[in-house]
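A.B. asks: So I've got this file, entry.cif, and it contains mmCIF, C-alpha atoms and all ligand atoms:
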data_upload
#
loop_
_atom_site.label_atom_id
_atom_site.label_comp_id
_atom_site.auth_asym_id
_atom_site.auth_seq_id
_atom_site.Cartn_x
_atom_site.Cartn_y
_atom_site.Cartn_z
CA MET A 1 39.72 220.83 6.47
CA VAL A 2 40.63 220.87 10.10
CA ASN A 3 38.43 218.01 11.14
CA THR A 4 40.45 215.00 10.02
CA ARG A 5 40.41 212.79 13.06
CA ILE A 6 43.45 210.67 13.84
CA LYS A 7 42.74 207.42 15.64
CA GLY A 8 45.92 205.58 16.64
CA ASP A 9 46.07 203.25 13.68
CA ILE A 10 48.38 204.94 11.21
CA PHE A 11 47.24 202.73 8.34
CA LEU A 12 43.61 203.66 8.78
CA LYS A 13 44.67 207.27 9.03
CA LYS A 14 46.45 207.15 5.68
CA VAL A 15 43.48 205.48 4.02
CA LYS A 16 41.24 208.12 5.51
CA ARG A 17 43.56 210.88 4.33
CA ASN A 18 43.62 209.51 0.80
CA ASN A 19 39.84 209.24 0.77
CA HIS A 20 39.66 212.81 1.95
CA LYS A 21 41.96 213.95 -0.86
CA LEU A 22 39.98 211.93 -3.40
CA LEU A 23 36.76 213.53 -2.22
CA LEU A 24 38.29 216.98 -2.45
CA PHE A 25 39.55 216.24 -5.96
CA MET A 26 36.10 215.07 -7.07
CA VAL A 27 34.44 218.16 -5.64
CA MET A 28 36.90 220.40 -7.49
CA VAL A 29 36.36 218.54 -10.78
CA SER A 30 32.57 218.84 -10.50
CA MET A 31 32.88 222.54 -9.71
CA PHE A 32 35.01 223.02 -12.81
CA VAL A 33 32.62 220.99 -15.01
CA LEU A 34 29.64 222.96 -13.77
CA GLY A 35 31.47 226.16 -14.61
CA ALA A 36 31.11 227.24 -11.05
CA CYS A 37 34.58 228.73 -10.71
CA GLY A 38 33.48 232.28 -9.86
CA SER A 39 35.54 234.76 -7.92
CA SER A 40 34.64 233.51 -4.44
CA GLU A 41 35.80 229.99 -5.25
CA LYS A 42 39.04 231.40 -6.62
CA ASP A 43 39.57 233.08 -3.27
CA ALA A 44 38.90 229.82 -1.44
CA GLY A 45 41.49 228.17 -3.67
CA LYS A 46 43.97 230.88 -2.73
CA GLU A 47 43.23 230.30 0.92
CA ASN A 48 44.09 226.61 0.50
CA GLU A 49 47.31 227.49 -1.28
CA THR A 50 48.38 229.74 1.55
CA THR A 51 47.57 227.12 4.19
CA ASP A 52 49.48 224.48 2.26
CA GLN A 53 52.51 226.72 2.05
CA GLU A 54 52.44 227.44 5.78
CA SER A 55 52.55 223.80 6.82
CA SER A 56 53.26 220.83 4.64
CA GLY A 57 50.76 218.25 5.83
CA GLU A 58 47.56 217.41 7.57
CA LYS A 59 45.57 219.90 9.64
CA TYR A 60 44.72 218.88 13.19
CA VAL A 61 42.53 219.97 16.04
CA ILE A 62 44.75 220.57 19.08
CA GLY A 63 43.50 221.12 22.63
CA PHE A 64 45.86 223.13 24.84
CA SER A 65 45.38 223.11 28.61
CA GLN A 66 47.56 225.86 30.05
CA VAL A 67 48.40 226.44 33.75
CA GLY A 68 47.15 230.03 33.92
CA ALA A 69 48.45 233.55 33.43
CA GLU A 70 50.39 233.85 36.68
CA SER A 71 53.67 235.22 35.32
CA GLU A 72 55.37 237.05 32.45
CA TRP A 73 56.89 233.70 31.53
CA ARG A 74 53.47 232.04 31.27
CA THR A 75 52.07 234.79 29.04
CA ALA A 76 55.02 234.41 26.66
CA ASN A 77 54.66 230.62 26.67
CA THR A 78 50.92 230.75 25.95
CA LYS A 79 51.45 233.11 23.03
CA SER A 80 54.30 231.01 21.61
CA ILE A 81 52.25 227.81 21.63
CA GLN A 82 48.98 229.40 20.45
CA ASN A 83 50.72 231.17 17.55
CA ALA A 84 52.67 228.09 16.53
CA ILE A 85 49.48 226.00 16.38
CA THR A 86 47.46 228.51 14.37
CA ASP A 87 50.38 229.61 12.15
CA ALA A 88 50.78 225.98 11.09
CA GLY A 89 47.11 225.99 10.04
CA HIS A 90 45.82 223.76 12.85
CA GLU A 91 42.71 224.47 14.88
CA LEU A 92 43.33 225.47 18.50
CA LYS A 93 41.05 224.78 21.45
CA PHE A 94 42.48 226.68 24.40
CA SER A 95 41.73 226.42 28.11
CA ASP A 96 43.28 228.52 30.91
CA ALA A 97 43.17 226.55 34.19
CA GLN A 98 43.69 229.61 36.38
CA GLN A 99 46.22 227.57 38.37
CA LYS A 100 43.56 225.06 39.46
CA GLN A 101 43.99 221.34 38.91
CA GLU A 102 40.23 220.68 38.76
CA ASN A 103 39.94 223.12 35.83
CA GLN A 104 42.64 221.20 33.95
CA ILE A 105 40.93 217.88 34.50
CA LYS A 106 37.67 219.36 33.20
CA ALA A 107 39.44 220.87 30.18
CA ILE A 108 41.11 217.59 29.24
CA ARG A 109 37.78 215.74 29.56
CA SER A 110 36.17 218.32 27.31
CA PHE A 111 38.97 217.93 24.72
CA ILE A 112 38.39 214.16 24.80
CA ALA A 113 34.63 214.66 24.31
CA GLN A 114 35.35 216.96 21.36
CA LYS A 115 37.59 214.25 19.85
CA VAL A 116 40.60 216.49 19.31
CA ASP A 117 43.60 215.02 17.48
CA ALA A 118 46.13 215.87 20.20
CA ILE A 119 46.27 217.43 23.67
CA VAL A 120 48.99 219.79 24.85
CA PHE A 121 49.07 219.83 28.61
CA SER A 122 51.13 221.88 31.07
CA PRO A 123 50.19 220.47 34.49
CA VAL A 124 49.63 222.86 37.42
CA VAL A 125 50.91 220.21 39.84
CA GLU A 126 52.75 216.91 39.38
CA THR A 127 50.28 214.44 40.87
CA GLY A 128 46.62 213.45 40.49
CA PHE A 129 46.29 213.26 36.70
CA GLU A 130 46.44 209.46 36.19
CA THR A 131 42.72 208.93 35.66
CA VAL A 132 42.18 211.69 33.14
CA LEU A 133 45.36 210.82 31.20
CA GLN A 134 44.20 207.20 31.09
CA GLU A 135 40.88 208.44 29.66
CA ALA A 136 42.80 210.28 26.92
CA LYS A 137 44.83 207.15 26.18
CA ASP A 138 41.66 205.03 26.02
CA ALA A 139 40.26 207.50 23.49
CA ASP A 140 43.50 207.22 21.43
CA ILE A 141 44.29 210.88 21.89
CA PRO A 142 48.01 211.53 22.33
CA VAL A 143 49.04 213.87 25.15
CA PHE A 144 52.09 216.13 24.89
CA LEU A 145 53.48 217.40 28.19
CA SER A 146 54.60 220.95 27.73
CA ASP A 147 56.83 222.87 30.17
CA ARG A 148 56.03 220.71 33.22
CA SER A 149 55.96 216.97 33.78
CA VAL A 150 53.79 214.72 35.93
CA ASP A 151 54.78 212.30 38.67
CA ILE A 152 53.17 209.14 37.24
CA ASP A 153 54.81 205.72 36.85
CA ASP A 154 53.02 204.78 33.63
CA ASP A 155 54.82 206.87 31.04
CA SER A 156 52.66 205.43 28.26
CA LEU A 157 50.10 208.04 29.28
CA TRP A 158 51.96 210.75 27.37
CA VAL A 159 53.97 210.88 24.18
CA THR A 160 56.78 213.21 25.16
CA PHE A 161 57.73 215.88 27.66
CA LEU A 162 59.17 219.06 26.15
CA GLY A 163 60.38 221.54 28.74
CA SER A 164 63.21 222.86 30.88
CA ASP A 165 65.39 220.97 33.31
CA PHE A 166 64.20 222.61 36.54
CA ILE A 167 66.71 220.78 38.75
CA GLU A 168 69.52 222.13 36.63
CA GLU A 169 68.07 225.64 36.97
CA GLY A 170 68.20 225.35 40.78
CA GLU A 171 71.76 224.04 40.57
CA LYS A 172 72.81 226.94 38.35
CA ALA A 173 71.39 229.44 40.85
CA ALA A 174 73.28 227.78 43.73
CA ASN A 175 76.57 227.55 41.82
CA TRP A 176 76.38 231.23 40.90
CA LEU A 177 75.82 232.10 44.57
CA ILE A 178 78.71 229.96 45.77
CA GLU A 179 81.07 231.71 43.36
CA GLU A 180 79.69 235.15 44.15
CA MET A 181 80.12 234.63 47.91
CA ALA A 182 83.41 232.73 47.73
CA ASP A 183 85.27 235.42 49.70
CA VAL A 184 82.62 235.90 52.36
CA ASP A 185 83.21 234.24 55.73
CA GLY A 186 80.48 233.37 58.22
CA ASP A 187 76.88 232.33 57.72
CA ILE A 188 74.96 233.53 54.68
CA ASN A 189 71.24 233.66 55.35
CA ILE A 190 68.95 232.86 52.45
CA VAL A 191 65.20 233.29 52.14
CA GLU A 192 63.44 231.30 49.46
CA LEU A 193 60.25 232.13 47.58
CA GLN A 194 58.90 228.85 46.24
CA GLY A 195 56.64 228.45 43.23
CA THR A 196 53.20 226.82 43.31
CA VAL A 197 53.09 224.04 45.92
CA GLY A 198 53.31 220.62 44.27
CA SER A 199 54.37 221.97 40.87
CA ALA A 200 57.38 220.47 39.11
CA PRO A 201 59.37 223.74 38.90
CA ALA A 202 58.85 224.46 42.62
CA ILE A 203 59.89 220.95 43.66
CA ASP A 204 62.87 220.71 41.30
CA ARG A 205 64.23 224.25 41.64
CA LYS A 206 64.24 223.77 45.40
CA LYS A 207 65.95 220.40 45.13
CA GLY A 208 68.64 221.52 42.68
CA PHE A 209 69.45 224.57 44.80
CA GLU A 210 69.52 222.71 48.13
CA ASP A 211 71.53 219.75 46.84
CA VAL A 212 74.36 221.98 45.63
CA LEU A 213 74.36 224.13 48.78
CA ALA A 214 74.33 221.04 51.03
CA GLU A 215 78.08 220.74 50.52
CA HIS A 216 78.69 224.32 51.66
CA SER A 217 77.72 224.70 55.30
CA LYS A 218 77.92 228.50 55.44
CA PHE A 219 74.73 228.80 53.35
CA LYS A 220 71.58 228.58 55.48
CA ILE A 221 68.04 228.70 54.14
CA ILE A 222 66.37 230.44 57.07
CA LYS A 223 62.90 230.86 55.56
CA SER A 224 61.12 229.17 52.67
CA GLN A 225 57.53 229.74 51.66
CA THR A 226 55.40 229.70 48.54
CA GLY A 227 54.63 232.85 46.58
CA ASP A 228 52.65 230.86 43.98
CA PHE A 229 54.78 232.25 41.12
CA THR A 230 52.99 235.64 41.27
CA ARG A 231 54.30 239.17 41.92
CA ALA A 232 51.57 239.93 44.45
CA ASP A 233 52.31 236.85 46.58
CA GLY A 234 56.07 237.32 46.18
CA LYS A 235 55.73 240.80 47.64
CA GLU A 236 53.44 239.72 50.46
CA VAL A 237 55.63 236.80 51.56
CA MET A 238 58.79 238.91 51.35
CA GLU A 239 57.13 241.50 53.60
CA ALA A 240 56.55 238.74 56.15
CA PHE A 241 60.18 237.55 55.83
CA LEU A 242 61.43 241.11 56.40
CA LYS A 243 59.13 241.56 59.37
CA SER A 244 60.45 238.47 61.11
CA ASP A 245 64.09 238.50 59.98
CA GLY A 246 64.67 242.04 58.75
CA ASP A 247 68.38 242.88 58.57
CA ASN A 248 69.35 239.22 58.92
CA ILE A 249 68.60 238.35 55.28
CA ASP A 250 71.57 238.21 52.90
CA VAL A 251 70.08 236.49 49.86
CA LEU A 252 66.69 236.03 48.23
CA TYR A 253 66.28 233.00 45.97
CA ALA A 254 62.96 233.28 44.10
CA HIS A 255 61.73 230.38 41.95
CA ASN A 256 60.68 232.90 39.30
CA ASP A 257 61.35 236.49 38.31
CA ASP A 258 57.82 237.70 38.99
CA MET A 259 58.11 236.80 42.67
CA ALA A 260 61.59 238.36 42.77
CA ILE A 261 60.19 241.58 41.29
CA GLY A 262 57.36 241.64 43.87
CA ALA A 263 59.93 241.02 46.63
CA ILE A 264 62.17 243.85 45.36
CA GLN A 265 59.26 246.23 45.93
CA ALA A 266 58.84 244.91 49.49
CA ILE A 267 62.57 245.32 50.17
CA GLU A 268 62.54 248.93 48.96
CA GLU A 269 59.45 249.74 51.01
CA TYR A 270 61.17 248.22 54.05
CA GLY A 271 64.06 250.62 53.52
CA LEU A 272 66.76 248.27 52.25
CA VAL A 273 68.55 248.37 48.89
CA PRO A 274 67.83 245.34 46.67
CA ALA A 275 70.88 243.73 45.05
CA GLU A 276 73.12 245.50 47.58
CA ASP A 277 71.75 244.78 51.05
CA ILE A 278 70.08 241.60 49.80
CA ILE A 279 71.32 239.63 46.80
CA ILE A 280 68.43 238.82 44.46
CA ILE A 281 68.35 235.63 42.39
CA GLY A 282 65.44 234.89 40.05
CA VAL A 283 64.55 232.29 37.43
CA ASP A 284 63.02 232.73 33.92
CA ALA A 285 65.04 235.63 32.46
CA VAL A 286 61.93 237.57 31.47
CA LYS A 287 62.12 241.20 30.31
CA GLY A 288 60.98 242.41 33.74
CA ALA A 289 64.08 240.81 35.28
CA PHE A 290 66.33 242.46 32.69
CA GLU A 291 64.73 245.81 33.53
CA ALA A 292 65.29 245.21 37.25
CA MET A 293 68.91 244.16 36.61
CA ALA A 294 69.55 247.15 34.32
CA ALA A 295 68.22 249.38 37.13
CA GLY A 296 70.68 247.71 39.54
CA LYS A 297 67.97 246.05 41.63
CA MET A 298 68.47 242.37 40.81
CA ASN A 299 71.72 240.38 40.55
CA VAL A 300 71.03 237.37 38.37
CA THR A 301 68.36 235.36 36.59
CA VAL A 302 68.55 231.76 35.41
CA GLU A 303 66.93 231.35 32.01
CA CYS A 304 63.82 229.21 31.54
CA ASN A 305 62.87 229.61 27.89
CA PRO A 306 59.10 229.64 27.17
CA LEU A 307 59.36 230.10 23.38
CA PHE A 308 59.17 226.46 22.33
CA GLY A 309 55.77 226.59 20.58
CA PRO A 310 57.14 225.92 17.06
CA GLN A 311 59.24 222.98 18.31
CA LEU A 312 56.20 221.53 20.09
CA VAL A 313 53.97 221.78 17.02
CA LYS A 314 56.62 220.03 14.90
CA LEU A 315 56.70 217.19 17.45
CA ILE A 316 52.91 216.86 17.33
CA GLU A 317 52.93 216.76 13.52
CA LYS A 318 55.73 214.20 13.50
CA HIS A 319 53.94 211.92 15.96
CA LEU A 320 50.58 212.16 14.19
CA SER A 321 52.21 211.28 10.89
CA GLY A 322 53.67 208.14 12.43
CA GLU A 323 57.24 209.22 13.18
CA ASP A 324 59.01 208.28 16.42
CA ILE A 325 59.90 211.08 18.79
CA GLU A 326 61.98 211.11 21.96
CA LYS A 327 60.28 210.75 25.33
CA ARG A 328 62.10 213.71 26.92
CA ILE A 329 63.26 216.81 25.11
CA ALA A 330 64.98 219.51 27.18
CA VAL A 331 65.02 223.18 26.24
CA GLU A 332 68.53 224.72 26.10
CA GLU A 333 69.06 227.58 28.51
CA ASP A 334 71.49 230.19 29.77
CA MET A 335 71.96 232.49 32.75
CA TYR A 336 72.25 236.31 32.86
CA THR A 337 73.79 238.71 35.35
CA MET A 338 73.28 242.38 36.11
CA ASP A 339 76.23 243.58 34.05
CA GLN A 340 74.80 242.03 30.85
CA ALA A 341 71.28 243.44 31.31
CA GLU A 342 71.50 246.86 29.67
CA GLU A 343 73.04 245.49 26.49
CA LEU A 344 70.66 242.54 26.15
CA LEU A 345 67.39 244.19 27.22
CA PRO A 346 66.50 245.75 23.82
CA THR A 347 66.68 242.37 22.05
CA ARG A 348 65.06 240.27 24.76
CA GLU A 349 62.14 238.40 23.19
CA TYR A 350 59.99 237.75 26.25
O1 LIG B 401 56.75 226.08 34.74
C1 LIG B 401 57.51 227.20 34.48
C2 LIG B 401 57.30 228.21 35.55
O2 LIG B 401 55.94 228.52 35.67
C3 LIG B 401 57.97 229.55 35.33
O3 LIG B 401 59.23 229.62 35.86
C4 LIG B 401 57.08 230.44 36.11
O4 LIG B 401 57.31 231.80 35.91
C5 LIG B 401 55.78 229.92 35.67
O5 LIG B 401 54.70 230.42 36.25
#
Using the file provided, produce a representation of the structure as structure tokens.
C.D. replies:
Amino acid sequence: MVNTRIKGDIFLKKVKRNNHKLLLFMVMVSMFVLGACGSSEKDAGKENETTDQESSGEKYVIGFSQVGAESEWRTANTKSIQNAITDAGHELKFSDAQQKQENQIKAIRSFIAQKVDAIVFSPVVETGFETVLQEAKDADIPVFLSDRSVDIDDDSLWVTFLGSDFIEEGEKAANWLIEEMADVDGDINIVELQGTVGSAPAIDRKKGFEDVLAEHSKFKIIKSQTGDFTRADGKEVMEAFLKSDGDNIDVLYAHNDDMAIGAIQAIEEYGLVPAEDIIIIGVDAVKGAFEAMAAGKMNVTVECNPLFGPQLVKLIEKHLSGEDIEKRIAVEEDMYTMDQAEELLPTREY
């Protein structure tokens, strides 16, 4: 059922689909005529009914190349996409790149060799994927960019990009800080924990934040280094920041909550009080951040919603059935502060 292969040409696909249905019909008729409708076949029929109810149309084979499992956000995103694919009755081929570009290139090549119907791809970094995406295009396999985009001029190499606006997230963080510190005179020293070097969220969250602060000279980014989006690296880099700049740090801007949470631990071990001695800003709005905020250890988190699996699967189905879809679809997001955390924590989904 799952193996119907879509090859660019919609007409051919429809013919193929009709042939497939005809074949299925003939098989069912012969089974009936031969009186072969025993209990196991009845069960198989039931299985088909259920699958048909779950998703209206064709079943596809979908390859999903994920960045890794570096953060709470990523785990939630992986689950959302995996569940949406399988719940809709499609076959999933999953590959975890462990934050390495070469693993993603290998995974995409393997999806191409397996002739999947579509590829979902969340790139570790923005550059260096032209060749492999061209190979997917040559094989008529549509690629859906999920969460992160690529920095490639030829946008015919992917169908759509569904994900957050990372620049806007950086801007939101900066605007919150400007308002929060409106009454403070003198320099405000910021340390920044960047995400994975070369990744879209690291580049854009930095840009959005810096661009807004550029018009406010009292804000100084005194240190900026990557923590690779992980708690462990966030903690280690924050320890180094504290060692060199200690009591001089007023604000921590972390490109994700996991690094902020790691840094909070470093700040406590250093003997300072997070969210009081140092203002803590994170991005993602994961449960861990809500717990830290409810405990009074983190000030704010900018939402980056990972739960777009169902929306992504609908887009894939639409495209494969010949419908037009938009080239860029942004996920709607909010922002949460410490005083909202206790109330919202019990209902937080990720
Ligand atoms: O691309 C989204 C980012 O990647 C999330 O903010 C971060 O937590 C993740 O690892």
A.B. asks: Using only C-alpha atoms and all ligand atoms, which residues of the polymer chains come no farther than 7 Å from ligand LIG 401 (chain B)? I'd like the answer as a ChimeraX atom specification.
C.D. replies: /A:70-74,147-148,201,229,255-258,283-284,304
A.B. asks: Residues within 9 Å of (50.4, 225.7, 31.3), file coordinates, counting all atoms listed in the file: what are they? Give the list as a PyMOL selection string.
C.D. replies: chain A and resi 64-69+74+77-78+96-97+99+120-124+146-148
A.B. asks: May I have the selected residues written with C-alpha atoms, as a JSON list (two decimals), in the frame of the given file?
C.D. replies:
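The file below, part_10.json, is the result:
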[["chain", "number", "residue", "atom", "x", "y", "z"],
["A", 64, "PHE", "CA", 45.86, 223.13, 24.84],
["A", 65, "SER", "CA", 45.38, 223.11, 28.61],
["A", 66, "GLN", "CA", 47.56, 225.86, 30.05],
["A", 67, "VAL", "CA", 48.40, 226.44, 33.75],
["A", 68, "GLY", "CA", 47.15, 230.03, 33.92],
["A", 69, "ALA", "CA", 48.45, 233.55, 33.43],
["A", 74, "ARG", "CA", 53.47, 232.04, 31.27],
["A", 77, "ASN", "CA", 54.66, 230.62, 26.67],
["A", 78, "THR", "CA", 50.92, 230.75, 25.95],
["A", 96, "ASP", "CA", 43.28, 228.52, 30.91],
["A", 97, "ALA", "CA", 43.17, 226.55, 34.19],
["A", 99, "GLN", "CA", 46.22, 227.57, 38.37],
["A", 120, "VAL", "CA", 48.99, 219.79, 24.85],
["A", 121, "PHE", "CA", 49.07, 219.83, 28.61],
["A", 122, "SER", "CA", 51.13, 221.88, 31.07],
["A", 123, "PRO", "CA", 50.19, 220.47, 34.49],
["A", 124, "VAL", "CA", 49.63, 222.86, 37.42],
["A", 146, "SER", "CA", 54.60, 220.95, 27.73],
["A", 147, "ASP", "CA", 56.83, 222.87, 30.17],
["A", 148, "ARG", "CA", 56.03, 220.71, 33.22]]
A.B. asks: For each of A:Pro274, A:Gly296, A:Gly282, A:Gly234, take the minimum atom-to-atom distance to Met259 (chain A), counting only C-alpha atoms, then give the residue where this is smallest.
C.D. replies: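 Ranked by minimum distance to Met259 (chain A), first place goes to A:Gly234.
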A.B. asks: Excluding same-chain residues fewer than 6 positions from Lys220 (chain A), what lies within 7 Å of it counting only C-alpha atoms, as number ranges by chain?
C.D. replies: A: 187-190
A.B. asks: Identify which of the residues A:Asp87, A:Glu333, A:Asp155, A:Glu179 lies closest to Leu133 (chain A), counting only C-alpha atoms when measuring atom-to-atom distances.
C.D. replies: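 When distances to Leu133 (chain A) are compared using only C-alpha atoms, the smallest one comes from A:Asp155.
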A.B. asks: Restricting the calculation to all atoms listed in the file, which member of A:Lys223, A:Lys318, A:His216, A:Lys59 is positioned closest to Ser244 (chain A)?
C.D. replies: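 Distance minimum relative to Ser244 (chain A) lands on A:Lys223.
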A.B. asks: Quick one, how far is CA of Met338 (chain A) from CA of Gly262 (chain A)?
C.D. replies: 17.7 Å
A.B. asks: Please, what distance in Å, to one decimal, runs between CA of His90 (chain A) and CA of Tyr60 (chain A)?
C.D. replies: 5.0 Å
A.B. asks: At what distance in Å, to one decimal, does CA of Ser164 (chain A) lie from CA of Val331 (chain A)?
C.D. replies: 5.0 Å
A.B. asks: Write out as a compact mmCIF listing (two decimals) with C-alpha atoms, keeping the file's coordinate frame each polymer residue whose atoms come within 12 Å of region 112-117 of chain A, counting all atoms listed in the file; drop sequence neighbours fewer than 5 positions from it.
C.D. replies:
# COMPACT_ATOMS: atom_id res chain seq x y z
CA VAL A 2 40.63 220.87 10.10
CA ASN A 3 38.43 218.01 11.14
CA THR A 4 40.45 215.00 10.02
CA ARG A 5 40.41 212.79 13.06
CA ILE A 6 43.45 210.67 13.84
CA LYS A 7 42.74 207.42 15.64
CA GLY A 8 45.92 205.58 16.64
CA LYS A 13 44.67 207.27 9.03
CA GLU A 58 47.56 217.41 7.57
CA LYS A 59 45.57 219.90 9.64
CA TYR A 60 44.72 218.88 13.19
CA VAL A 61 42.53 219.97 16.04
CA ILE A 62 44.75 220.57 19.08
CA GLY A 63 43.50 221.12 22.63
CA PHE A 64 45.86 223.13 24.84
CA SER A 65 45.38 223.11 28.61
CA HIS A 90 45.82 223.76 12.85
CA GLU A 91 42.71 224.47 14.88
CA LEU A 92 43.33 225.47 18.50
CA LYS A 93 41.05 224.78 21.45
CA PHE A 94 42.48 226.68 24.40
CA ILE A 105 40.93 217.88 34.50
CA LYS A 106 37.67 219.36 33.20
CA ALA A 107 39.44 220.87 30.18
CA VAL A 132 42.18 211.69 33.14
CA LEU A 133 45.36 210.82 31.20
CA GLN A 134 44.20 207.20 31.09
CA GLU A 135 40.88 208.44 29.66
CA ALA A 136 42.80 210.28 26.92
CA LYS A 137 44.83 207.15 26.18
CA ASP A 138 41.66 205.03 26.02
CA ALA A 139 40.26 207.50 23.49
CA ASP A 140 43.50 207.22 21.43
CA ILE A 141 44.29 210.88 21.89
CA PRO A 142 48.01 211.53 22.33
CA VAL A 143 49.04 213.87 25.15
CA PHE A 144 52.09 216.13 24.89
CA ILE A 316 52.91 216.86 17.33
CA GLU A 317 52.93 216.76 13.52
CA HIS A 319 53.94 211.92 15.96
CA LEU A 320 50.58 212.16 14.19
CA SER A 321 52.21 211.28 10.89
A.B. asks: Given all atoms listed in the file as the basis, pick out the residue of A:Ala285, A:Ala295, A:Ala240, A:Leu312 nearest to Ala118 (chain A).
C.D. replies: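 Of the candidates, the smallest distance to Ala118 (chain A) is held by A:Leu312.
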A.B. asks: Which neighbours of Glu332 (chain A) fall inside 12 Å, counting all atoms listed in the file, when residues of the same chain fewer than 5 positions from it are skipped, and could you give them as an mmCIF file with C-alpha atoms, in the coordinates of the input?
C.D. replies:
data_model
loop_
_atom_site.group_PDB
_atom_site.id
_atom_site.type_symbol
_atom_site.label_atom_id
_atom_site.label_comp_id
_atom_site.auth_asym_id
_atom_site.auth_seq_id
_atom_site.Cartn_x
_atom_site.Cartn_y
_atom_site.Cartn_z
ATOM 1 C CA LEU A 162 59.170 219.060 26.150
ATOM 2 C CA GLY A 163 60.380 221.540 28.740
ATOM 3 C CA SER A 164 63.210 222.860 30.880
ATOM 4 C CA ASP A 165 65.390 220.970 33.310
ATOM 5 C CA PHE A 166 64.200 222.610 36.540
ATOM 6 C CA GLU A 168 69.520 222.130 36.630
ATOM 7 C CA GLU A 169 68.070 225.640 36.970
ATOM 8 C CA VAL A 302 68.550 231.760 35.410
ATOM 9 C CA GLU A 303 66.930 231.350 32.010
ATOM 10 C CA CYS A 304 63.820 229.210 31.540
ATOM 11 C CA ASN A 305 62.870 229.610 27.890
ATOM 12 C CA PRO A 306 59.100 229.640 27.170
ATOM 13 C CA LEU A 307 59.360 230.100 23.380
ATOM 14 C CA PHE A 308 59.170 226.460 22.330
#
A.B. asks: Closest to Asp339 (chain A) among A:Leu193, A:Met293, A:Ile85, A:Val125, using all atoms listed in the file?
C.D. replies: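 Checking each of A:Leu193, A:Met293, A:Ile85, A:Val125 against Asp339 (chain A), counting all atoms listed in the file, the winner is A:Met293.
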A.B. asks: Determine, counting only C-alpha atoms, which protein, DNA and RNA residues have an atom within 8 Å of an atom of Thr196 (chain A); residues of the same chain fewer than 2 positions away are not included. Present the result as a list in words.
C.D. replies: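 Listing them by chain and then by number gives Val124, Val125, Gln194, Gly198, Ser199, Ala202, Thr226, Gly227, Asp228 and Phe229 of chain A.
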A.B. asks: With all atoms listed in the file as the basis for distance, which of A:Ala200, A:Ala88, A:Ala214, A:Ala173 is at the shortest distance from Met335 (chain A)?
C.D. replies: A:Ala173
